[in-house]
$ cat structure.txt   # compact mmCIF, C-alpha atoms
# COMPACT_ATOMS: atom_id res chain seq x y z
CA MET A 1 -64.02 -0.11 60.90
CA SER A 2 -63.56 1.15 64.35
CA GLY A 3 -60.15 1.79 65.85
CA LEU A 4 -60.67 -0.98 68.41
CA MET A 5 -61.41 -3.52 65.68
CA LEU A 6 -58.29 -2.52 63.67
CA TYR A 7 -56.22 -2.73 66.83
CA SER A 8 -57.59 -6.25 67.55
CA ILE A 9 -56.84 -7.42 63.98
CA ALA A 10 -53.29 -6.05 64.22
CA ILE A 11 -52.71 -7.87 67.53
CA LEU A 12 -54.06 -11.15 66.09
CA ALA A 13 -51.82 -10.78 63.03
CA MET A 14 -48.74 -10.23 65.22
CA VAL A 15 -49.58 -13.28 67.37
CA ALA A 16 -50.03 -15.41 64.25
CA ILE A 17 -46.71 -14.23 62.76
CA SER A 18 -44.80 -14.78 66.01
CA SER A 19 -46.27 -18.30 66.47
CA VAL A 20 -45.23 -19.21 62.91
CA ALA A 21 -41.71 -17.88 63.62
CA VAL A 22 -41.49 -19.88 66.88
CA SER A 23 -42.71 -23.11 65.24
CA SER A 24 -40.27 -22.71 62.35
CA ARG A 25 -37.40 -22.16 64.84
CA LYS A 26 -38.40 -25.32 66.71
CA SER A 27 -38.42 -27.43 63.56
CA LYS A 28 -34.90 -26.25 62.63
CA SER A 29 -33.35 -26.97 66.06
CA THR A 30 -30.68 -29.65 66.21
CA ASN A 31 -31.06 -32.70 68.44
CA PHE A 32 -27.50 -32.94 69.75
CA ARG A 33 -28.09 -36.39 71.32
CA GLN A 34 -28.70 -37.78 67.84
CA VAL A 35 -25.65 -35.91 66.50
CA GLU A 36 -23.51 -37.30 69.35
CA LYS A 37 -24.73 -40.84 68.62
CA LYS A 38 -23.88 -40.47 64.93
CA ILE A 39 -20.39 -39.21 65.83
CA LEU A 40 -19.84 -42.14 68.22
CA ASP A 41 -21.09 -44.62 65.62
CA ARG A 42 -18.71 -43.14 63.05
CA ILE A 43 -15.53 -42.93 65.17
CA LEU A 44 -16.11 -46.35 66.78
CA SER A 45 -16.91 -48.18 63.55
CA PRO A 46 -14.80 -51.35 63.15
CA ASP A 47 -13.11 -50.12 59.95
CA ILE A 48 -11.83 -46.99 61.79
CA TYR A 49 -11.30 -48.07 65.42
CA ASP A 50 -9.97 -51.23 67.08
CA SER A 51 -10.06 -51.17 70.89
CA GLN A 52 -7.43 -53.95 71.00
CA ILE A 53 -4.77 -51.63 69.56
CA ARG A 54 -3.00 -49.16 71.83
CA PRO A 55 -3.19 -45.48 70.80
CA LEU A 56 -0.12 -43.90 69.26
CA GLY A 57 0.55 -41.98 72.44
CA THR A 58 3.07 -39.20 71.98
CA ALA A 59 4.02 -40.42 68.49
CA LEU A 60 3.05 -38.16 65.63
CA ASN A 61 2.61 -40.93 63.07
CA GLU A 62 2.17 -44.70 62.89
CA SER A 63 5.83 -45.35 62.00
CA ASP A 64 6.77 -44.10 65.50
CA SER A 65 4.18 -46.36 67.18
CA ASP A 66 6.72 -47.62 69.76
CA GLU A 67 6.21 -44.41 71.74
CA SER A 68 4.38 -44.95 75.01
CA THR A 69 0.84 -43.80 75.66
CA LYS A 70 0.90 -41.33 78.53
CA VAL A 71 -1.92 -42.01 80.99
CA LEU A 72 -2.67 -39.42 83.66
CA VAL A 73 -4.14 -40.95 86.82
CA ASN A 74 -5.88 -39.42 89.80
CA LEU A 75 -8.12 -40.68 92.52
CA PHE A 76 -10.49 -39.17 94.99
CA VAL A 77 -10.77 -40.99 98.32
CA ARG A 78 -14.49 -41.10 99.07
CA SER A 79 -14.11 -42.89 102.40
CA PHE A 80 -11.87 -44.98 104.61
CA GLU A 81 -14.12 -47.84 105.61
CA LYS A 82 -11.92 -50.07 107.75
CA ILE A 83 -8.36 -50.12 109.08
CA ASP A 84 -7.32 -53.52 110.42
CA ASP A 85 -3.95 -53.44 112.21
CA VAL A 86 -4.03 -57.18 112.93
CA LYS A 87 -4.44 -58.22 109.27
CA MET A 88 -2.35 -55.23 108.15
CA GLU A 89 -4.97 -54.06 105.65
CA PHE A 90 -7.35 -51.19 105.07
CA SER A 91 -10.48 -50.66 102.99
CA ILE A 92 -11.26 -47.55 101.00
CA GLN A 93 -13.82 -46.38 98.47
CA ILE A 94 -12.43 -44.24 95.65
CA THR A 95 -13.30 -42.55 92.40
CA PHE A 96 -10.51 -43.63 90.08
CA ARG A 97 -9.84 -41.56 86.95
CA GLN A 98 -7.53 -42.05 84.02
CA GLN A 99 -6.99 -39.77 81.04
CA TRP A 100 -5.08 -40.31 77.80
CA ASN A 101 -5.17 -39.25 74.18
CA ASP A 102 -6.37 -41.53 71.39
CA ASN A 103 -6.15 -39.52 68.16
CA ARG A 104 -8.35 -42.08 66.38
CA LEU A 105 -11.29 -40.77 68.45
CA ALA A 106 -10.90 -37.08 67.49
CA PHE A 107 -14.03 -35.44 66.06
CA SER A 108 -15.45 -32.03 65.12
CA ASP A 109 -17.03 -30.16 68.04
CA MET A 110 -19.44 -28.35 65.68
CA GLY A 111 -18.09 -24.90 66.51
CA GLY A 112 -17.90 -25.51 70.26
CA LYS A 113 -21.41 -26.95 70.56
CA ILE A 114 -20.22 -30.42 71.64
CA LYS A 115 -17.85 -30.36 74.63
CA TYR A 116 -17.51 -34.16 74.91
CA LEU A 117 -19.25 -37.44 74.13
CA THR A 118 -20.24 -39.70 77.03
CA MET A 119 -20.25 -43.49 76.93
CA THR A 120 -20.99 -46.07 79.60
CA GLU A 121 -19.46 -49.04 77.77
CA ARG A 122 -15.75 -49.09 78.48
CA SER A 123 -15.14 -52.11 76.24
CA LYS A 124 -15.64 -49.97 73.13
CA VAL A 125 -12.41 -48.01 73.62
CA TRP A 126 -8.83 -49.00 74.43
CA MET A 127 -8.23 -49.08 78.18
CA PRO A 128 -4.89 -49.01 79.99
CA ASP A 129 -3.96 -52.10 82.00
CA THR A 130 -3.94 -50.46 85.43
CA PHE A 131 -3.83 -52.37 88.70
CA PHE A 132 -3.31 -51.79 92.42
CA ARG A 133 -0.17 -53.66 93.43
CA ASN A 134 -1.23 -54.19 97.07
CA GLU A 135 -4.86 -55.06 96.30
CA LYS A 136 -6.39 -57.94 98.25
CA GLU A 137 -9.97 -57.43 97.11
CA ALA A 138 -11.69 -55.04 94.72
CA LYS A 139 -15.30 -54.35 93.84
CA PHE A 140 -16.77 -52.16 91.13
CA HIS A 141 -20.08 -50.56 92.04
CA GLU A 142 -22.98 -51.77 89.90
CA ILE A 143 -26.22 -50.96 91.66
CA ILE A 144 -28.55 -50.36 88.72
CA GLN A 145 -25.80 -50.09 86.13
CA PRO A 146 -22.01 -49.79 86.38
CA ASN A 147 -20.83 -46.65 88.20
CA LEU A 148 -18.54 -45.47 85.43
CA TYR A 149 -18.34 -43.21 82.46
CA VAL A 150 -16.05 -42.65 79.52
CA ARG A 151 -15.86 -39.15 78.06
CA VAL A 152 -14.34 -38.57 74.65
CA PHE A 153 -13.26 -34.99 73.92
CA PRO A 154 -12.99 -33.43 70.41
CA ASP A 155 -9.17 -33.63 70.40
CA GLY A 156 -9.28 -37.39 71.14
CA ASP A 157 -8.65 -37.12 74.88
CA VAL A 158 -10.41 -39.88 76.80
CA LEU A 159 -11.44 -39.55 80.46
CA TYR A 160 -12.38 -42.76 82.23
CA SER A 161 -13.93 -42.54 85.70
CA ILE A 162 -15.12 -45.40 87.91
CA ARG A 163 -16.11 -45.90 91.54
CA VAL A 164 -14.19 -48.70 93.26
CA SER A 165 -14.08 -50.24 96.72
CA LEU A 166 -10.70 -51.73 97.63
CA THR A 167 -9.18 -53.72 100.42
CA LEU A 168 -5.45 -53.10 100.31
CA ALA A 169 -2.49 -54.58 102.17
CA CYS A 170 -0.46 -52.12 104.21
CA PRO A 171 2.88 -51.48 102.48
$ encode --input "structure.txt" --output "structure tokens"
Amino acid sequence: MSGLMLYSIAILAMVAISSVAVSSRKSKSTNFRQVEKKILDRILSPDIYDSQIRPLGTALNESDSDESTKVLVNLFVRSFEKIDDVKMEFSIQITFRQQWNDNRLAFSDMGGKIKYLTMTERSKVWMPDTFFRNEKEAKFHEIIQPNLYVRVFPDGDVLYSIRVSLTLACP
């Protein structure tokens, strides 16, 4: 055999080996969307989680369940739309965020591979009863689907974010 033919056979063998290695790596890769769905299905199953029951909050066990659930709140003012000095009201559009811990929702992050789980159905988790005391009118944004998300972190922290338009009375 000539040197050129041996060289060609060696190149073809290397290409074949590397394509087998690549295809075997692809077949072993993990679909994290499916893993996330399985985790959500498990932690939100009715025998483990009831969204009607308030999280333990700062309590360390269920016998101390009278402890309050600390909810951190922040908002980002997206725009001031109208200020009416005759009616003594103003309209704003905000991104309203709340964060709390619900230890019933804690899960394994698979060695840091899952930073958080995202949901768009807020009814599946406990939500704080938050309101705007001087609210005259409120509207949640639902163009194609509701403008909200719920993120659940491995330690059970929940971040709820929603876009809201409000008309508020001046204090």
$ residues_around --input "structure.txt" --residues "Asp102 of chain A" --least-positions-apart "3" --cutoff "6 Å" --atoms "all atoms listed in the file" --output "list of chain:residue names"
A:Pro55, A:Leu105, A:Gly156
$ residues_near_point --input "structure.txt" --point "(-7.5, -57.4, 96.8)" --cutoff "7 Å" --atoms "all atoms listed in the file" --output "count of residues only"
7
$ atom_distance --input "structure.txt" --atom1 "atom CA of Val150 of chain A" --atom2 "atom CA of Asp47 of chain A"
21.2 Å
$ atom_distance --input "structure.txt" --atom1 "atom CA of Ile144 of chain A" --atom2 "atom CA of Asp41 of chain A"
24.9 Å
$ atom_distance --input "structure.txt" --atom1 "atom CA of Val71 of chain A" --atom2 "atom CA of Asp50 of chain A"
18.5 Å
$ closest_residue --input "structure.txt" --among "A:Cys170, A:Val164, A:Ile43, A:Met127" --to "Ala106 of chain A" --atoms "all atoms listed in the file"
A:Ile43
$ closest_residue --input "structure.txt" --among "A:Asp155, A:Asp84, A:Asp109, A:Glu121" --to "Phe32 of chain A" --atoms "all atoms listed in the file"
A:Asp109
$ closest_residue --input "structure.txt" --among "A:Arg133, A:Lys87, A:Arg151, A:Arg54" --to "Arg104 of chain A" --atoms "all atoms listed in the file"
A:Arg54
$ residues_around --input "structure.txt" --residues "Thr95 of chain A" --least-positions-apart "6" --cutoff "12 Å" --atoms "only C-alpha atoms" --output "list in words"
Val73, Asn74, Leu75, Phe76, Val77, Arg78, Ser79, Phe140, His141, Asn147, Leu148, Tyr149, Tyr160, Ser161, Ile162, Arg163, Val164, Ser165 and Leu166 of chain A
$ residues_near_point --input "structure.txt" --point "(-6.7, -42.7, 77.4)" --cutoff "7 Å" --atoms "only C-alpha atoms" --output "PyMOL selection string"
chain A and resi 71+98-102+127+157-159
$ closest_residue --input "structure.txt" --among "A:Tyr116, A:Pro128, A:Ile94, A:Phe153" --to "Lys70 of chain A" --atoms "only C-alpha atoms"
A:Pro128
$ closest_residue --input "structure.txt" --among "A:Ile143, A:Ala169, A:Ile48, A:Val35" --to "Lys82 of chain A" --atoms "only C-alpha atoms"
A:Ala169
